[in-house]
Amino acid sequence: MDKAPMSGGAMRILILGGTGEASALARALADRDDCAVTLSLAGRTAAPKPEPVPTRIGGFGGAEGLAAYLRRENIDRLIDATHPFAATISGNAAAAAVTVGVPLLAIRRPAWSRASGDLWTEVGSMEEAVAALGREPRRVFLTIGRQEAGAFATAPQHAYLARSVEPLESVLPVPHLTAIETRGPFDAAAEAALMRAAGTEILVSKNSGGAATYGKIAAARSLAIPVVMVRRPEKPDVPSVPNAEGALRWLRTRDHAGPATLREV
């Protein structure tokens with residue numbers, strides 16, 4: 001059974017965030033008087049971008065912990081706007097929503113598709129990505145973030161240019177590492193210049209989708225640089241939309257056990 005919205009009008013919304021889509025939705029809802037929004041971040045970034053809604057940092061303690069939070073905070077709608085590779089929290093969200101009876105929507109941006117001129121090797125894991133680099137030393141542009149970079153420590157023969165938001169030297173102890181700490185978006189011209197300057201021979205990327213980091217894919221295509229592309233993990237089969245605009249439409253049109261939907265503005 002769907003959980004009825006709070007009496008008194010304001011819809012209580014929990015956004016599981018960490019993406020541009022989550023930020024866009026939070027900004028769109030921030031000044032409304034017909035909803036009360038909380039944005040939840042995993043806490044993997046030491047200095048997350050400020051958001052215009054109340055923000056909590058850290059995990060919930062699995063699906064049971066998230067279900068307890070939904071009950072305690074009287075959450076009316078749950079939106080999973082986490083990263084395409086954040087499979088664990090998406091699974092927890094689906095399980096908790098069923099347990100509590102809270103309507104759940106996922107924002108799932110479309111994956112990138114191979115275009116003419118792309119030299120992709122698609123793999124299913126970071127371990128497969130390491131193997132795809134081969135045994136001979138190569139100059140690798142590593143763009144997978146901090147959390148899974150440690151997998152490449154098993155291939156120390158390569159020279160890595162590695163980009164992440166957080167420092168990663170401690171998780172990637174290899175003799176030839178140039179680390180860049182920065183946050184996107186990144187355009188294709190700048191990415192091509194960076195790859196040329198570094199002498200990049202191969203790019204490693206997650207298939208995150210979206211425009212913010214597509215520049216590296218376009219740059220690799222233009223320079224005929226091969227790409228090791230890590231496929232997305234499987235996620236629960238739940239209602240989904242591709243962007244924040246779709247989530248706003250869902251919040252306006254869903255009618256669960258009462259008339260609590262967002263007004264048109």
# chains A, B, ... in the order shown; residues from 1 in each chain; ligands from 1
>>> closest_atom_pairs(of="region 131-233 of chain A", to="region 81-96 of chain A", cutoff="10 Å", atoms="only C-alpha atoms", output="Markdown table")
| residue | atom | partner | partner_atom | distance |
| --- | --- | --- | --- | --- |
| A:Lys206 | CA | A:Phe85 | CA | 8.2 |
| A:Asn207 | CA | A:Pro84 | CA | 8.3 |
| A:Ser208 | CA | A:Pro84 | CA | 6.1 |
| A:Gly209 | CA | A:Pro84 | CA | 8.2 |
| A:Val230 | CA | A:Phe85 | CA | 9.9 |
| A:Arg231 | CA | A:Phe85 | CA | 9.0 |
| A:Arg232 | CA | A:Phe85 | CA | 6.0 |
| A:Pro233 | CA | A:Phe85 | CA | 6.1 |
>>> residues_around(residues="His158 (chain A)", least_positions_apart="2", cutoff="12 Å", atoms="only C-alpha atoms", output="PyMOL selection string")
chain A and resi 130-131+133-142+152-156+160-162+172-178+200-202
>>> closest_residue(among="A:Arg146, A:Lys235, A:Val102, A:Pro54", to="Ala67 (chain A)", atoms="only C-alpha atoms")
A:Val102
>>> select_by_dssp(residues="region 21-224 of chain A", states="helix (DSSP H, G or I)", output="NGL selection string")
:A and (21-29 or 62-72 or 87-100 or 126-132 or 149-154 or 188-198 or 215-223)
>>> write_last_selection(atoms="C-alpha atoms", output="mmCIF file, in the first residue's frame")
data_model
loop_
_atom_site.group_PDB
_atom_site.id
_atom_site.type_symbol
_atom_site.label_atom_id
_atom_site.label_comp_id
_atom_site.auth_asym_id
_atom_site.auth_seq_id
_atom_site.Cartn_x
_atom_site.Cartn_y
_atom_site.Cartn_z
ATOM 1 C CA GLU A 21 20.373 15.596 -11.758
ATOM 2 C CA ALA A 22 19.914 15.528 -7.982
ATOM 3 C CA SER A 23 21.246 19.077 -7.690
ATOM 4 C CA ALA A 24 18.984 20.289 -10.497
ATOM 5 C CA LEU A 25 15.931 18.767 -8.820
ATOM 6 C CA ALA A 26 16.895 20.217 -5.434
ATOM 7 C CA ARG A 27 17.235 23.689 -6.982
ATOM 8 C CA ALA A 28 13.875 23.360 -8.699
ATOM 9 C CA LEU A 29 12.142 22.428 -5.433
ATOM 10 C CA GLY A 62 21.474 -0.533 4.588
ATOM 11 C CA ALA A 63 17.901 -1.025 3.432
ATOM 12 C CA GLU A 64 16.614 -1.447 6.971
ATOM 13 C CA GLY A 65 18.228 1.788 8.097
ATOM 14 C CA LEU A 66 16.808 3.663 5.131
ATOM 15 C CA ALA A 67 13.340 2.230 5.808
ATOM 16 C CA ALA A 68 13.599 3.382 9.421
ATOM 17 C CA TYR A 69 14.582 6.875 8.251
ATOM 18 C CA LEU A 70 11.633 7.032 5.836
ATOM 19 C CA ARG A 71 9.254 6.139 8.654
ATOM 20 C CA ARG A 72 10.840 8.447 11.224
ATOM 21 C CA ALA A 87 24.186 0.011 -7.317
ATOM 22 C CA THR A 88 24.136 -0.678 -3.579
ATOM 23 C CA ILE A 89 22.160 2.393 -2.533
ATOM 24 C CA SER A 90 19.768 1.928 -5.448
ATOM 25 C CA GLY A 91 19.073 -1.616 -4.281
ATOM 26 C CA ASN A 92 18.577 -0.389 -0.732
ATOM 27 C CA ALA A 93 16.201 2.333 -1.929
ATOM 28 C CA ALA A 94 14.056 -0.154 -3.823
ATOM 29 C CA ALA A 95 13.856 -2.501 -0.846
ATOM 30 C CA ALA A 96 13.138 0.267 1.667
ATOM 31 C CA ALA A 97 10.430 1.804 -0.517
ATOM 32 C CA VAL A 98 8.605 -1.525 -0.688
ATOM 33 C CA THR A 99 8.977 -2.085 3.050
ATOM 34 C CA VAL A 100 7.551 1.305 4.006
ATOM 35 C CA MET A 126 37.344 -2.692 -13.006
ATOM 36 C CA GLU A 127 39.315 -5.942 -12.894
ATOM 37 C CA GLU A 128 38.446 -6.525 -16.549
ATOM 38 C CA ALA A 129 39.429 -2.921 -17.299
ATOM 39 C CA VAL A 130 42.867 -3.511 -15.764
ATOM 40 C CA ALA A 131 43.315 -6.644 -17.872
ATOM 41 C CA ALA A 132 42.257 -4.771 -21.018
ATOM 42 C CA ALA A 149 41.029 3.368 -8.612
ATOM 43 C CA GLY A 150 42.806 0.915 -6.326
ATOM 44 C CA ALA A 151 42.103 -1.897 -8.778
ATOM 45 C CA PHE A 152 44.808 -0.473 -11.054
ATOM 46 C CA ALA A 153 47.504 -0.859 -8.415
ATOM 47 C CA THR A 154 47.810 -4.443 -9.695
ATOM 48 C CA ALA A 188 36.094 18.220 -25.624
ATOM 49 C CA ALA A 189 38.726 20.774 -26.691
ATOM 50 C CA ALA A 190 40.266 20.956 -23.216
ATOM 51 C CA GLU A 191 40.188 17.176 -22.878
ATOM 52 C CA ALA A 192 41.930 16.744 -26.226
ATOM 53 C CA ALA A 193 44.620 19.237 -25.218
ATOM 54 C CA LEU A 194 45.151 17.398 -21.924
ATOM 55 C CA MET A 195 45.451 14.020 -23.650
ATOM 56 C CA ARG A 196 47.910 15.350 -26.223
ATOM 57 C CA ALA A 197 50.062 16.981 -23.538
ATOM 58 C CA ALA A 198 50.112 13.768 -21.488
ATOM 59 C CA GLY A 215 34.119 15.657 -23.566
ATOM 60 C CA LYS A 216 36.739 12.984 -22.888
ATOM 61 C CA ILE A 217 34.859 10.515 -25.104
ATOM 62 C CA ALA A 218 34.609 13.007 -27.961
ATOM 63 C CA ALA A 219 38.277 13.940 -27.514
ATOM 64 C CA ALA A 220 39.403 10.313 -27.592
ATOM 65 C CA ARG A 221 37.418 9.811 -30.797
ATOM 66 C CA SER A 222 39.014 12.837 -32.437
ATOM 67 C CA LEU A 223 42.518 11.656 -31.466
#
>>> select_by_dssp(residues="region 55-258 of chain A", states="strand (DSSP E)", output="NGL selection string")
:A and (55-57 or 77-80 or 104-107 or 120-123 or 139-143 or 159-164 or 177-181 or 202-206 or 227-230 or 240-241)
>>> closest_residue(among="A:Gly101, A:Pro52, A:Pro242, A:Pro167", to="Ala36 (chain A)", atoms="only C-alpha atoms")
A:Pro52
>>> atom_distance(atom1="CA of Gly199 (chain A)", atom2="CA of Leu119 (chain A)")
17.1 Å
>>> closest_residue(among="A:Ile225, A:Leu168, A:Asn243, A:Gly184", to="Ala212 (chain A)", atoms="only C-alpha atoms")
A:Gly184
>>> atom_distance(atom1="CA of Leu41 (chain A)", atom2="CA of Val238 (chain A)")
20.7 Å
>>> closest_residue(among="A:Ala10, A:Leu203, A:Val171, A:Leu248", to="Glu122 (chain A)", atoms="only C-alpha atoms")
A:Leu203
>>> residues_around(residues="Glu166 (chain A)", least_positions_apart="6", cutoff="12 Å", atoms="only C-alpha atoms", output="list in words")
Gly43, Arg44, Thr45, Ala46, Ala47, Pro48, Ile144, Gly145, Arg146, Gln147, Ala149, Ala179, Ile180, Glu181, Thr182 and Arg183 of chain A
>>> decode(residues="region 123-143 of chain A", atoms="N, CA and C atoms", output="PDB file, in the first residue's frame")
ATOM      1  N   VAL A 123      33.885  -3.509 -21.021  1.00  0.00           N
ATOM      2  CA  VAL A 123      34.166  -4.509 -19.991  1.00  0.00           C
ATOM      3  C   VAL A 123      33.120  -4.396 -18.892  1.00  0.00           C
ATOM      4  N   GLY A 124      33.058  -5.435 -18.054  1.00  0.00           N
ATOM      5  CA  GLY A 124      32.020  -5.474 -17.039  1.00  0.00           C
ATOM      6  C   GLY A 124      32.472  -5.151 -15.644  1.00  0.00           C
ATOM      7  N   SER A 125      33.774  -4.896 -15.437  1.00  0.00           N
ATOM      8  CA  SER A 125      34.271  -4.620 -14.094  1.00  0.00           C
ATOM      9  C   SER A 125      35.603  -3.893 -14.185  1.00  0.00           C
ATOM     10  N   MET A 126      36.042  -3.345 -13.039  1.00  0.00           N
ATOM     11  CA  MET A 126      37.344  -2.692 -13.006  1.00  0.00           C
ATOM     12  C   MET A 126      38.465  -3.706 -13.204  1.00  0.00           C
ATOM     13  N   GLU A 127      38.305  -4.910 -12.693  1.00  0.00           N
ATOM     14  CA  GLU A 127      39.315  -5.942 -12.894  1.00  0.00           C
ATOM     15  C   GLU A 127      39.481  -6.252 -14.379  1.00  0.00           C
ATOM     16  N   GLU A 128      38.371  -6.307 -15.110  1.00  0.00           N
ATOM     17  CA  GLU A 128      38.446  -6.525 -16.549  1.00  0.00           C
ATOM     18  C   GLU A 128      39.077  -5.326 -17.252  1.00  0.00           C
ATOM     19  N   ALA A 129      38.817  -4.123 -16.720  1.00  0.00           N
ATOM     20  CA  ALA A 129      39.429  -2.921 -17.299  1.00  0.00           C
ATOM     21  C   ALA A 129      40.943  -2.955 -17.143  1.00  0.00           C
ATOM     22  N   VAL A 130      41.419  -3.380 -15.974  1.00  0.00           N
ATOM     23  CA  VAL A 130      42.867  -3.511 -15.764  1.00  0.00           C
ATOM     24  C   VAL A 130      43.456  -4.496 -16.767  1.00  0.00           C
ATOM     25  N   ALA A 131      42.813  -5.636 -16.940  1.00  0.00           N
ATOM     26  CA  ALA A 131      43.315  -6.644 -17.872  1.00  0.00           C
ATOM     27  C   ALA A 131      43.335  -6.126 -19.305  1.00  0.00           C
ATOM     28  N   ALA A 132      42.349  -5.290 -19.648  1.00  0.00           N
ATOM     29  CA  ALA A 132      42.257  -4.771 -21.018  1.00  0.00           C
ATOM     30  C   ALA A 132      43.407  -3.835 -21.373  1.00  0.00           C
ATOM     31  N   LEU A 133      44.098  -3.299 -20.369  1.00  0.00           N
ATOM     32  CA  LEU A 133      45.246  -2.429 -20.653  1.00  0.00           C
ATOM     33  C   LEU A 133      46.428  -3.213 -21.203  1.00  0.00           C
ATOM     34  N   GLY A 134      46.495  -4.498 -20.923  1.00  0.00           N
ATOM     35  CA  GLY A 134      47.589  -5.325 -21.398  1.00  0.00           C
ATOM     36  C   GLY A 134      48.794  -5.273 -20.472  1.00  0.00           C
ATOM     37  N   ARG A 135      49.793  -6.063 -20.802  1.00  0.00           N
ATOM     38  CA  ARG A 135      50.981  -6.173 -19.960  1.00  0.00           C
ATOM     39  C   ARG A 135      52.045  -5.141 -20.305  1.00  0.00           C
ATOM     40  N   GLU A 136      52.089  -4.712 -21.550  1.00  0.00           N
ATOM     41  CA  GLU A 136      53.097  -3.736 -21.952  1.00  0.00           C
ATOM     42  C   GLU A 136      52.765  -2.369 -21.365  1.00  0.00           C
ATOM     43  N   PRO A 137      53.780  -1.622 -20.891  1.00  0.00           N
ATOM     44  CA  PRO A 137      53.512  -0.304 -20.296  1.00  0.00           C
ATOM     45  C   PRO A 137      52.838   0.643 -21.286  1.00  0.00           C
ATOM     46  N   ARG A 138      51.828   1.353 -20.798  1.00  0.00           N
ATOM     47  CA  ARG A 138      51.105   2.322 -21.620  1.00  0.00           C
ATOM     48  C   ARG A 138      50.857   3.575 -20.792  1.00  0.00           C
ATOM     49  N   ARG A 139      50.579   4.674 -21.489  1.00  0.00           N
ATOM     50  CA  ARG A 139      50.220   5.927 -20.825  1.00  0.00           C
ATOM     51  C   ARG A 139      48.698   5.986 -20.760  1.00  0.00           C
ATOM     52  N   VAL A 140      48.167   5.859 -19.548  1.00  0.00           N
ATOM     53  CA  VAL A 140      46.734   5.649 -19.322  1.00  0.00           C
ATOM     54  C   VAL A 140      46.120   6.895 -18.698  1.00  0.00           C
ATOM     55  N   PHE A 141      45.015   7.350 -19.256  1.00  0.00           N
ATOM     56  CA  PHE A 141      44.211   8.405 -18.649  1.00  0.00           C
ATOM     57  C   PHE A 141      43.074   7.722 -17.915  1.00  0.00           C
ATOM     58  N   LEU A 142      43.112   7.797 -16.586  1.00  0.00           N
ATOM     59  CA  LEU A 142      42.175   7.086 -15.733  1.00  0.00           C
ATOM     60  C   LEU A 142      41.134   8.072 -15.215  1.00  0.00           C
ATOM     61  N   THR A 143      39.857   7.863 -15.592  1.00  0.00           N
ATOM     62  CA  THR A 143      38.798   8.826 -15.265  1.00  0.00           C
ATOM     63  C   THR A 143      37.617   8.120 -14.595  1.00  0.00           C
TER      64      THR A 143
END
